[in-house]
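Encoded as structure tokens, the structure appears first; notes follow it.
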Amino acid sequence: MGMSTILCLALLLPFYGIAAAANGKLFREYIGANFKNVKFSDVPINQNVDFHFILSFAIDYTSSGNSPSPTNGKFNVFWDTNNLSPTAVQAIKGNHPNVKVALSIGGDSVGNGKAFFTPVSVSSWVDNAVSSLTNIIKSYNLDGIDINYEHFKSDSDTFAECIGRLISQLKGNKVISFASIAPFADDGVQAQYKALWAKYGSVVDYVNFQFYGYDKGTTVSQFIGYFEEQRNNYGGGKVLVSFISDRSGGLAPGNGFFNACKELKSNGKLFGIFVWCADISKGNGFQYEQEAQALLAS
């Protein structure tokens, strides 16, 4: 086969939908939501991966009093700031050049209730969110944002516009360099995130799909099937696989998770792995974080 033929084939592969190997070395870990006194420095970091800590969470609710209420895009910090401070961010990034730190917005709950996405209007929410998140991101010297809303008091078009414009403006202002979304297998949740993906998928760098949201008895073959389903839902996206540290859902480490990862990697489909969360993993010595990073680095 001549060089001209090889070049021609290389140009045609994407046209015919045949993707080149897309394995990556991205490892991501949520941290700070459970107030277990976990520090960045507690978590083992393999120098041969791209490592993202994701601070959890910033929420657009009031942060004082016993009954938090929505603030229409004016975000406050709800993670463990005693251990995960701006100084701590600076230190971990200074000690590990392969580390970046993001914040996640939304989450499941705030106080004793659910954290709802509750915009008054698209324009007012976006203006408030860009302003308040820019202040937090700059004060902590953060690199990116993760979208983690799970409960909604708006339609999917409103969610898509608010989040799409937020990410676009933060990137346009060079406040962040990457963004991710964190959907899971619930029809209502998927409707919101698929609407966002359809209109603004080009500004979303990673899909942190919560595969641990599936049943605890998930098998390797089922997991692979779920992965392919989500690759189709977020076509062209970098869908990361995931596990939960307490093994309470999905395909767990020890039950075949890493076998599934190896299968995906052999087919060029393992872009990265993320974990919920360091607060829980602290209790087991971060065993699975080390194994996950070693697999990605191999």
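Chains: A, B, ... in order of the structure tokens. Residues: from 1 per chain. Ligands: from 1, in order shown.
Look at Ser131 in chain A: the protein and nucleic acid residues within 8 Å of it, using only C-alpha atoms and passing over chain neighbours fewer than 4 places away, are Lys74, Asp127 and Asn135 of chain A.
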Could those residues be written to a file, using C-alpha atoms, as a tab-separated table (two decimals), in the first residue's frame?
chain	number	residue	atom	x	y	z
A	74	LYS	CA	-25.64	33.81	42.87
A	127	ASP	CA	-25.48	37.31	34.58
A	135	ASN	CA	-15.22	35.50	41.75
DSSP strand (DSSP E or B) residues within range 130-233 of chain A, listed as a list in words =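 The strand (DSSP E or B) residues within range 130-233 of chain A come out as Gly144, Ile145, Asp146, Ile147, Asn148, Tyr149, His151, Phe152, Phe178, Ala179, Ser180, Ile181, Tyr206, Val207 and Asn208 of chain A.
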Residues of range 22-220 of chain A in helix (DSSP H, G or I) according to DSSP, as a PyMOL selection string?
-> chain A and resi 40-42+86-95+122-140+156-172+187-203+211-213+220
Might you pull out every residue within 9 Å of range 246-251 of chain A, with only C-alpha atoms counted and same-chain residues fewer than 4 positions away left off, and present them as a PyMOL selection string?
-> chain A and resi 210-220+222-223+242+255-257+260+276-277+280-281+284
Can you tell me how far CA of Glu228 in chain A sits from CA of Val275 in chain A, in Å to one decimal?
->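 Pair CA of Glu228 in chain A / CA of Val275 in chain A returns 19.5 Å.
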Find the residues around range 49-63 of chain A up to 6 Å (only C-alpha atoms counted), leave out those fewer than 4 positions away in its own chain, and share them as a PyMOL selection string.
-> chain A and resi 25-33+68-71+73-79+98-106+297
Store the residues picked out above, limited to N, CA, C and O atoms, as a compact mmCIF listing (two decimals), in the first residue's frame.
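Output below, filename selection31.txt:
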# COMPACT_ATOMS: atom_id res chain seq x y z
N LYS A 25 -5.84 9.59 29.47
CA LYS A 25 -5.24 9.37 30.79
C LYS A 25 -5.81 10.34 31.82
O LYS A 25 -5.11 10.82 32.70
N LEU A 26 -7.11 10.61 31.68
CA LEU A 26 -7.76 11.57 32.57
C LEU A 26 -8.38 10.86 33.77
O LEU A 26 -9.23 9.98 33.62
N PHE A 27 -7.96 11.25 34.97
CA PHE A 27 -8.55 10.75 36.21
C PHE A 27 -9.13 11.93 36.97
O PHE A 27 -8.45 12.94 37.18
N ARG A 28 -10.37 11.79 37.44
CA ARG A 28 -11.05 12.89 38.10
C ARG A 28 -11.66 12.39 39.41
O ARG A 28 -12.18 11.28 39.47
N GLU A 29 -11.62 13.23 40.43
CA GLU A 29 -12.14 12.83 41.75
C GLU A 29 -12.90 13.99 42.39
O GLU A 29 -12.36 15.09 42.55
N TYR A 30 -14.16 13.74 42.72
CA TYR A 30 -14.95 14.71 43.48
C TYR A 30 -14.46 14.71 44.92
O TYR A 30 -14.10 13.68 45.47
N ILE A 31 -14.50 15.89 45.55
CA ILE A 31 -13.94 16.02 46.89
C ILE A 31 -14.63 17.16 47.65
O ILE A 31 -14.99 18.19 47.06
N GLY A 32 -14.88 16.94 48.94
CA GLY A 32 -15.29 18.03 49.81
C GLY A 32 -16.74 18.11 50.20
O GLY A 32 -17.10 18.92 51.06
N ALA A 33 -17.61 17.27 49.62
CA ALA A 33 -19.05 17.42 49.88
C ALA A 33 -19.47 16.84 51.23
O ALA A 33 -20.44 17.30 51.83
N PRO A 68 -31.85 26.94 53.51
CA PRO A 68 -31.28 27.58 52.31
C PRO A 68 -32.35 27.80 51.25
O PRO A 68 -33.26 26.97 51.08
N SER A 69 -32.26 28.93 50.57
CA SER A 69 -33.24 29.24 49.52
C SER A 69 -32.52 29.63 48.24
O SER A 69 -31.38 30.10 48.26
N PRO A 70 -33.14 29.44 47.08
CA PRO A 70 -32.50 29.72 45.78
C PRO A 70 -32.13 31.19 45.64
O PRO A 70 -32.83 32.08 46.14
N THR A 71 -31.03 31.45 44.95
CA THR A 71 -30.53 32.81 44.78
C THR A 71 -30.40 33.22 43.31
O THR A 71 -29.73 34.20 43.00
N GLY A 73 -28.75 32.07 40.58
CA GLY A 73 -27.43 32.15 39.95
C GLY A 73 -26.35 32.81 40.79
O GLY A 73 -25.20 32.90 40.34
N LYS A 74 -26.67 33.24 41.99
CA LYS A 74 -25.64 33.81 42.87
C LYS A 74 -25.08 32.68 43.73
O LYS A 74 -25.68 32.27 44.72
N PHE A 75 -23.92 32.18 43.32
CA PHE A 75 -23.38 30.95 43.91
C PHE A 75 -22.61 31.21 45.20
O PHE A 75 -21.89 32.21 45.33
N ASN A 76 -22.75 30.24 46.11
CA ASN A 76 -21.97 30.21 47.34
C ASN A 76 -21.24 28.88 47.44
O ASN A 76 -21.66 27.88 46.85
N VAL A 77 -20.17 28.87 48.19
CA VAL A 77 -19.36 27.66 48.37
C VAL A 77 -19.96 26.80 49.47
O VAL A 77 -20.23 27.29 50.57
N PHE A 78 -20.15 25.50 49.18
CA PHE A 78 -20.69 24.56 50.15
C PHE A 78 -19.77 23.38 50.41
O PHE A 78 -20.18 22.39 50.98
N TRP A 79 -18.51 23.45 49.96
CA TRP A 79 -17.57 22.36 50.26
C TRP A 79 -16.80 22.67 51.55
O TRP A 79 -16.94 23.73 52.14
N ASN A 98 0.70 17.98 37.08
CA ASN A 98 -0.35 17.31 36.31
C ASN A 98 -1.74 17.48 36.92
O ASN A 98 -2.71 16.92 36.41
N VAL A 99 -1.84 18.26 38.00
CA VAL A 99 -3.12 18.45 38.69
C VAL A 99 -3.80 19.75 38.27
O VAL A 99 -3.16 20.81 38.22
N LYS A 100 -5.10 19.65 37.99
CA LYS A 100 -5.95 20.82 37.82
C LYS A 100 -7.12 20.67 38.80
O LYS A 100 -7.43 19.56 39.23
N VAL A 101 -7.74 21.78 39.13
CA VAL A 101 -8.83 21.76 40.11
C VAL A 101 -10.04 22.50 39.52
O VAL A 101 -9.90 23.61 39.01
N ALA A 102 -11.19 21.86 39.60
CA ALA A 102 -12.44 22.45 39.11
C ALA A 102 -13.42 22.56 40.27
O ALA A 102 -13.18 22.04 41.37
N LEU A 103 -14.54 23.23 40.03
CA LEU A 103 -15.65 23.20 40.98
C LEU A 103 -16.86 22.63 40.27
O LEU A 103 -17.01 22.74 39.06
N SER A 104 -17.71 21.99 41.06
CA SER A 104 -18.96 21.44 40.54
C SER A 104 -20.11 22.26 41.07
O SER A 104 -20.12 22.65 42.24
N ILE A 105 -21.10 22.53 40.21
CA ILE A 105 -22.25 23.32 40.64
C ILE A 105 -23.50 22.45 40.66
O ILE A 105 -23.68 21.56 39.83
N GLY A 106 -24.34 22.70 41.66
CA GLY A 106 -25.59 21.96 41.80
C GLY A 106 -25.48 20.90 42.87
O GLY A 106 -25.40 21.19 44.05
N ALA A 297 -2.56 4.94 33.21
CA ALA A 297 -1.18 5.29 32.88
C ALA A 297 -0.46 4.19 32.10
O ALA A 297 0.58 4.43 31.50
Quick one: distance from CA of Asn46 in chain A to CA of Leu84 in chain A in Å, one decimal?
-> 20.0 Å
Pick from A:Ser202, A:Thr87, A:Asn259, A:Asn95 nearest to Ser168 in chain A, counting only C-alpha atoms |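 For Ser168 in chain A, the nearest of the candidates is A:Ser202.
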Hey, which of A:Ser139, A:Ser266, A:Asn112, A:Gln190 ends up closest to Asn66 in chain A? Count only C-alpha atoms.
-> A:Asn112
So how many Å separate CA of Arg165 in chain A and CA of Trp197 in chain A, to one decimal?
->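 Separating CA of Arg165 in chain A from CA of Trp197 in chain A is a distance of 12.3 Å.
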Which residue gives the smallest distance to Ala191 in chain A among A:Leu270, A:Glu150, A:Ile176, A:Gly164, with only C-alpha atoms counted?
->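 For Ala191 in chain A, the nearest of the candidates is A:Glu150.
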Considering only C-alpha atoms, return as a short mmCIF file (atom, residue, chain, number, x, y, z; two decimals) with N, CA and C atoms, in the first residue's frame whatever protein or nucleic-acid residues lie within 7 Å of Val207 in chain A, sequence-local ones (same chain, fewer than 4 positions apart) excluded.
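Writing the result to selection08.cif gives the following:
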data_model
loop_
_atom_site.label_atom_id
_atom_site.label_comp_id
_atom_site.auth_asym_id
_atom_site.auth_seq_id
_atom_site.Cartn_x
_atom_site.Cartn_y
_atom_site.Cartn_z
N SER A 180 -17.36 20.21 32.20
CA SER A 180 -17.95 18.87 32.11
C SER A 180 -19.39 18.91 32.59
N ILE A 181 -20.14 17.88 32.21
CA ILE A 181 -21.51 17.70 32.69
C ILE A 181 -21.59 16.33 33.37
N ALA A 182 -22.52 16.16 34.31
CA ALA A 182 -22.58 14.93 35.09
C ALA A 182 -24.00 14.36 35.15
N GLY A 237 -18.93 13.03 22.28
CA GLY A 237 -18.41 13.47 23.57
C GLY A 237 -17.42 12.50 24.17
N LYS A 238 -16.60 13.00 25.06
CA LYS A 238 -15.65 12.17 25.79
C LYS A 238 -16.34 11.69 27.07
N VAL A 239 -16.95 10.51 26.97
CA VAL A 239 -17.71 9.95 28.09
C VAL A 239 -16.77 9.19 29.01
N LEU A 240 -16.70 9.64 30.27
CA LEU A 240 -15.84 8.98 31.25
C LEU A 240 -16.63 7.92 32.00
#
